[in-house]
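Below: one structure, written as structure tokens.
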Number of protein chains: 2
Amino acid sequence: MSDQRPYAALLAKGEDRRQQILVAAQRLLTRHGWRGITLGQIAREAGVTPAGLLHHFASKEDLLHAAIDARDAYDRAHADFSGDLVVEVARVAERMRQAPDLVCMFAVLMMENVDPDAPLHARLLDRHRGGVDAVARLIREGQRTGRYRTDLDPAVKALEIVAFINGMESIWLLDPSIPLTQVFKEYTGSLARQLAPSPDSP
Amino acid sequence: MSDQRPYAALLAKGEDRRQQILVAAQRLLTRHGWRGITLGQIAREAGVTPAGLLHHFASKEDLLHAAIDARDAYDRAHADFSGDLVVEVARVAERMRQAPDLVCMFAVLMMENVDPDAPLHARLLDRHRGGVDAVARLIREGQRTGRYRTDLDPAVKALEIVAFINGMESIWLLDPSIPLTQVFKEYTGSLARQLAPSPDSP
DNA sequence: ACCAACCTACTTTATGTTCAGTAGGTGAGT
DNA sequence: ACTCACCTACTGAACATAAAGTAGGTTGGT
């Protein structure tokens, strides 16, 4: 934080401000969406003027992409597609609590970019499909190793799981008073029962 | 359509235009959200000028509320909380196909009004809770009559069900190529198995 | 005279962006 | 030691545009 070199401190300050802006943008983005926020709001929350903000990011759209990039990096760091699917789904609730501004960002952005011509449509569609595919792969893997029953379509079940997670994100954003953990526990429990091979009692 | 009386025809034309505007607004609302559309776009799609639109609706916000009211009326006409829960959930897919602009409108509006200070927050929160409560009631009813097992929390399961439906609406809007019916069939199938009393084989 | 269903032309406000400038630091040449 | 060219991190004011809403007119029916 406090370097000997004043210039280094200056650069650190700049990077710091950049992060502040990014965090503010993420927070506001998940509450108001891309169209619901102004540079002024983000700038104020980050302690700069709109012009000052544009010193760090070329445009509002640029800032948006930077925020999404940060979110992607978070996912790359936290997503674990090597473990058990059910455990992984259960972990989503924790992550939602830890970093709601990041985790729930896509739920908001998705609905804002539903239209095929929307600026982020392609990117979000790709991302979403990637997520569904990853879940489907996990199911297939479990089926191959005999841990999961084989009479259900991985692609279909994956969609169901992703829909549930997505839906929970939306609902939780709207109403944070819901019993998030319990609902996730309930769902993962029933999921485990469903994926378990045939000779099985609840 | 074609009245004898020219004045009646004029009034009918007005009512007609009002409906056109409402339909256009609903369509655009579910694709671009409230903030993503302008009076100009809606007006153009309805075949009027922005000023012409404001002849039928006092303000943009007024139009929004009218669109939501129409959606509420649709729900009142189609929602059936007397039948079986599983059957009812299965029917959602049909309704999504029949009237996507109406059914999926709330999924979009919800994410746009996540913030407690958002203009529609209270209304959407109420509506959402009402939906969850209705589902929970259906579960409780089933438990009381012995059709459903009693060892699961109706409120929690209701949240899961609503989350799934909500999530499916979002995903389907983003990517209409998904096998909507299959996923719903899969989910309702597993739901039925889960709600069924203990001595039961899949 | 009055109303309905519009339209054209305008005002107002909000917002992204640009521009010119300021304060302070760096490193090279003299 | 001193200046010169250039850098980073900003600010304040101005600019351009878009979009909601308004004023007043027109047409045609009662």
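Ligands are numbered from 1 in the order shown, residues from 1 within each chain, and chains are lettered A, B, ... in the order they appear in the structure tokens.
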
Quiz item: In Å, how much C-alpha RMSD is there between chain A and chain B after the fit, with all atoms paired in order?
Solution: 0.1 Å

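Within 6 Å of Leu53 of chain A, once only C-alpha atoms (C1' of nucleotides) are used and residues closer than 3 positions along the same chain are dropped, the contacting residues are Ala43, Pro50 and His56 of chain A.
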
Mind dumping a table of every chain D residue within 9 Å of segment 21-30 of chain C, with the nearest atom pair and its distance in Å to one decimal, using only C-alpha atoms (C1' of nucleotides), sorted by chain and rising number, as a Markdown table?
```
| residue | atom | partner | partner_atom | distance |
| --- | --- | --- | --- | --- |
| D:DC2 | C1' | C:DT30 | C1' | 8.5 |
| D:DT3 | C1' | C:DT30 | C1' | 8.6 |
| D:DC4 | C1' | C:DG29 | C1' | 8.7 |
| D:DC6 | C1' | C:DT26 | C1' | 8.6 |
| D:DC7 | C1' | C:DT26 | C1' | 7.6 |
| D:DT8 | C1' | C:DG25 | C1' | 8.3 |
| D:DC10 | C1' | C:DT22 | C1' | 8.6 |
| D:DT11 | C1' | C:DT22 | C1' | 8.1 |
```

Keeping C-alpha atoms (C1' of nucleotides) for every residue in the selection just given, could you write it to a file as an mmCIF file, in the first residue's frame?
```
data_model
loop_
_atom_site.group_PDB
_atom_site.id
_atom_site.type_symbol
_atom_site.label_atom_id
_atom_site.label_comp_id
_atom_site.auth_asym_id
_atom_site.auth_seq_id
_atom_site.Cartn_x
_atom_site.Cartn_y
_atom_site.Cartn_z
ATOM 1 C "C1'" DC D 2 17.370 22.909 -13.934
ATOM 2 C "C1'" DT D 3 14.513 22.414 -17.687
ATOM 3 C "C1'" DC D 4 11.946 19.641 -21.151
ATOM 4 C "C1'" DC D 6 5.810 13.101 -21.068
ATOM 5 C "C1'" DC D 7 3.225 10.328 -17.861
ATOM 6 C "C1'" DT D 8 -0.965 9.236 -14.367
ATOM 7 C "C1'" DC D 10 -8.147 13.300 -12.005
ATOM 8 C "C1'" DT D 11 -11.949 17.849 -12.271
#
```

Exercise. Please return, as a PyMOL selection string, all residues of chain A lying within 6 Å of chain B when only C-alpha atoms are considered.
Key: chain A and resi 31+108+111+114-115+156+163-164+166-168+173-174+183

Could you give me, as a tab-separated table, a per-residue list for chain D showing, wherever an atom lies at most 10 Å from an atom of chain B, the closest pair of atoms and their distance in Å to one decimal, using only C-alpha atoms (C1' of nucleotides) and sorting by chain then residue number from low to high?
```
residue	atom	partner	partner_atom	distance
D:DA18	C1'	B:Thr38	CA	9.9
D:DA19	C1'	B:Thr38	CA	7.1
D:DA20	C1'	B:Lys60	CA	7.8
D:DG21	C1'	B:Ser59	CA	7.9
D:DT22	C1'	B:Ala51	CA	9.3
D:DG28	C1'	B:Tyr7	CA	9.5
D:DG29	C1'	B:Tyr7	CA	5.8
D:DT30	C1'	B:Tyr7	CA	7.8
```

Could those residues be written to a file, using N, CA and C atoms (P, O5', C5', C4', C3', O3' and C1' of nucleotides), as a PDB file, in the first residue's frame?
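In the end it all went to selection-v6.pdb:
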```
ATOM      1  P    DA D  18     -29.734   9.787 -31.085  1.00  0.00           P
ATOM      2  O5'  DA D  18     -30.549   8.925 -30.018  1.00  0.00           O
ATOM      3  C5'  DA D  18     -29.962   8.620 -28.757  1.00  0.00           C
ATOM      4  C4'  DA D  18     -30.984   8.784 -27.669  1.00  0.00           C
ATOM      5  C3'  DA D  18     -32.423   8.475 -28.114  1.00  0.00           C
ATOM      6  O3'  DA D  18     -32.994   7.619 -27.153  1.00  0.00           O
ATOM      7  C1'  DA D  18     -32.330  10.545 -26.990  1.00  0.00           C
ATOM      8  P    DA D  19     -34.157   6.597 -27.582  1.00  0.00           P
ATOM      9  O5'  DA D  19     -35.114   6.593 -26.321  1.00  0.00           O
ATOM     10  C5'  DA D  19     -34.653   7.051 -25.062  1.00  0.00           C
ATOM     11  C4'  DA D  19     -35.652   7.988 -24.434  1.00  0.00           C
ATOM     12  C3'  DA D  19     -37.090   7.780 -24.932  1.00  0.00           C
ATOM     13  O3'  DA D  19     -37.930   7.615 -23.818  1.00  0.00           O
ATOM     14  C1'  DA D  19     -36.518  10.058 -24.951  1.00  0.00           C
ATOM     15  P    DA D  20     -39.405   7.045 -23.896  1.00  0.00           P
ATOM     16  O5'  DA D  20     -40.142   7.974 -22.828  1.00  0.00           O
ATOM     17  C5'  DA D  20     -39.577   8.133 -21.537  1.00  0.00           C
ATOM     18  C4'  DA D  20     -40.123   9.394 -20.897  1.00  0.00           C
ATOM     19  C3'  DA D  20     -41.646   9.496 -20.929  1.00  0.00           C
ATOM     20  O3'  DA D  20     -42.091   9.981 -19.657  1.00  0.00           O
ATOM     21  C1'  DA D  20     -40.672  11.384 -22.026  1.00  0.00           C
ATOM     22  P    DG D  21     -43.629   9.909 -19.284  1.00  0.00           P
ATOM     23  O5'  DG D  21     -44.149  11.342 -19.740  1.00  0.00           O
ATOM     24  C5'  DG D  21     -43.516  12.469 -19.159  1.00  0.00           C
ATOM     25  C4'  DG D  21     -43.819  13.713 -19.942  1.00  0.00           C
ATOM     26  C3'  DG D  21     -45.316  13.985 -20.196  1.00  0.00           C
ATOM     27  O3'  DG D  21     -45.636  15.220 -19.564  1.00  0.00           O
ATOM     28  C1'  DG D  21     -43.999  14.422 -22.114  1.00  0.00           C
ATOM     29  P    DT D  22     -47.158  15.734 -19.547  1.00  0.00           P
ATOM     30  O5'  DT D  22     -47.104  16.967 -20.561  1.00  0.00           O
ATOM     31  C5'  DT D  22     -46.056  17.919 -20.459  1.00  0.00           C
ATOM     32  C4'  DT D  22     -46.259  19.025 -21.486  1.00  0.00           C
ATOM     33  C3'  DT D  22     -47.712  19.455 -21.685  1.00  0.00           C
ATOM     34  O3'  DT D  22     -47.754  20.878 -21.722  1.00  0.00           O
ATOM     35  C1'  DT D  22     -46.765  18.844 -23.758  1.00  0.00           C
ATOM     36  P    DG D  28     -61.700  13.996 -42.992  1.00  0.00           P
ATOM     37  O5'  DG D  28     -62.857  13.364 -42.096  1.00  0.00           O
ATOM     38  C5'  DG D  28     -62.573  12.216 -41.302  1.00  0.00           C
ATOM     39  C4'  DG D  28     -63.558  12.140 -40.162  1.00  0.00           C
ATOM     40  C3'  DG D  28     -65.025  12.352 -40.575  1.00  0.00           C
ATOM     41  O3'  DG D  28     -65.788  11.298 -40.046  1.00  0.00           O
ATOM     42  C1'  DG D  28     -64.523  13.581 -38.664  1.00  0.00           C
ATOM     43  P    DG D  29     -67.111  10.902 -40.780  1.00  0.00           P
ATOM     44  O5'  DG D  29     -68.092  10.604 -39.556  1.00  0.00           O
ATOM     45  C5'  DG D  29     -67.748   9.619 -38.615  1.00  0.00           C
ATOM     46  C4'  DG D  29     -68.183  10.079 -37.226  1.00  0.00           C
ATOM     47  C3'  DG D  29     -69.692  10.271 -37.079  1.00  0.00           C
ATOM     48  O3'  DG D  29     -70.190   9.397 -36.068  1.00  0.00           O
ATOM     49  C1'  DG D  29     -68.495  12.063 -36.125  1.00  0.00           C
ATOM     50  P    DT D  30     -71.671   9.467 -35.734  1.00  0.00           P
ATOM     51  O5'  DT D  30     -71.750  10.521 -34.559  1.00  0.00           O
ATOM     52  C5'  DT D  30     -71.604  10.113 -33.196  1.00  0.00           C
ATOM     53  C4'  DT D  30     -72.233  11.161 -32.285  1.00  0.00           C
ATOM     54  C3'  DT D  30     -73.730  11.338 -32.527  1.00  0.00           C
ATOM     55  O3'  DT D  30     -74.457  11.089 -31.316  1.00  0.00           O
ATOM     56  C1'  DT D  30     -72.610  13.443 -32.442  1.00  0.00           C
TER      57       DT D  30
END
```

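Taking only C-alpha atoms (C1' of nucleotides), the non-local environment of DT8 of chain C within 12 Å (same-chain residues fewer than 6 positions away omitted) comprises B:Thr49, B:Pro50, B:Ala51, B:Gly52, D:DA23, D:DG24, D:DG25, D:DT26.
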
Residues as selected, C-alpha atoms (C1' of nucleotides), written as a CSV table (one decimal), in the first residue's frame, can you do that?
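Result went into out08.csv, see below:
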```csv
chain,number,residue,atom,x,y,z
B,49,THR,CA,-46.8,8.0,-33.1
B,50,PRO,CA,-45.5,8.4,-29.5
B,51,ALA,CA,-48.0,11.2,-29.0
B,52,GLY,CA,-50.7,9.1,-30.4
D,23,DA,C1',-49.3,22.3,-26.8
D,24,DG,C1',-52.0,22.9,-30.1
D,25,DG,C1',-53.9,21.7,-34.5
D,26,DT,C1',-56.8,18.6,-37.8
```

Closest pair table for chain C residues within 10 Å of chain B, only C-alpha atoms (C1' of nucleotides), as a Markdown table:
```
| residue | atom | partner | partner_atom | distance |
| --- | --- | --- | --- | --- |
| C:DA4 | C1' | B:Leu11 | CA | 7.3 |
| C:DA5 | C1' | B:Gly14 | CA | 6.9 |
| C:DC6 | C1' | B:Gly52 | CA | 5.8 |
| C:DC7 | C1' | B:Gly52 | CA | 7.5 |
| C:DT8 | C1' | B:Ala51 | CA | 9.6 |
```

Practice problem: Report as an MDAnalysis selection string: the residues of chain B with a DSSP assignment of helix (DSSP H, G or I), based on the backbone of this structure. | Solution: chainID B and resid 6:32 39:46 50:56 60:78 85:98 100:103 105:112 121:144 154:174 180:195

Quiz item: Could you name the residues that touch segment 72-78 of chain A at 12 Å or less, counting only C-alpha atoms (C1' of nucleotides), but leaving out those on the same chain fewer than 2 positions away, as an NGL selection string?
Solution: :A and (65-70 or 80-82 or 88 or 91-92 or 94-96 or 98-106 or 123-124 or 127-128 or 131)

Exercise. Pick out the residues sitting within 12 Å of DC15 of chain D, and hand them over as a ChimeraX atom specification; count only C-alpha atoms (C1' of nucleotides), and ignore anything fewer than 2 positions along from it in its own chain.
Key: /C:15-19 /D:13,17

Could you write out the selected residues, including C-alpha atoms (C1' of nucleotides), as a PDB file, in the first residue's frame?
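Final output, result.pdb:
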```pdb
ATOM      1  C1'  DT C  15     -26.987  10.878 -19.618  1.00  0.00           C
ATOM      2  C1'  DG C  16     -22.862   9.256 -22.170  1.00  0.00           C
ATOM      3  C1'  DT C  17     -19.007  11.380 -23.768  1.00  0.00           C
ATOM      4  C1'  DT C  18     -15.502  14.887 -24.924  1.00  0.00           C
ATOM      5  C1'  DC C  19     -12.402  18.614 -24.037  1.00  0.00           C
TER       6       DC C  19
ATOM      7  C1'  DA D  13     -17.806  22.644 -18.023  1.00  0.00           C
ATOM      8  C1'  DT D  17     -28.425  12.925 -28.287  1.00  0.00           C
TER       9       DT D  17
END
```

Quiz item: Any idea what the distance is between atom CA of Gln143 of chain B and atom CA of Ala196 of chain B?
Solution: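 Taking atom CA of Gln143 of chain B as the start and atom CA of Ala196 of chain B as the end point, the length is 9.6 Å.
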
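Here atom CA of Val87 of chain A is placed at a distance of 10.0 Å from atom CA of Gly189 of chain A.
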
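For the choices A:Ala90, A:Arg144, A:Arg27, A:Arg44, the atom-to-atom distance to Arg71 of chain A is smallest for A:Arg27 when using only C-alpha atoms.
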
Practice problem: Take atom CA of Leu195 of chain A and atom CA of Tyr148 of chain A and report the distance between them in Å, one decimal. | Solution: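 Answer for the atom CA of Leu195 of chain A to atom CA of Tyr148 of chain A separation: 4.9 Å.
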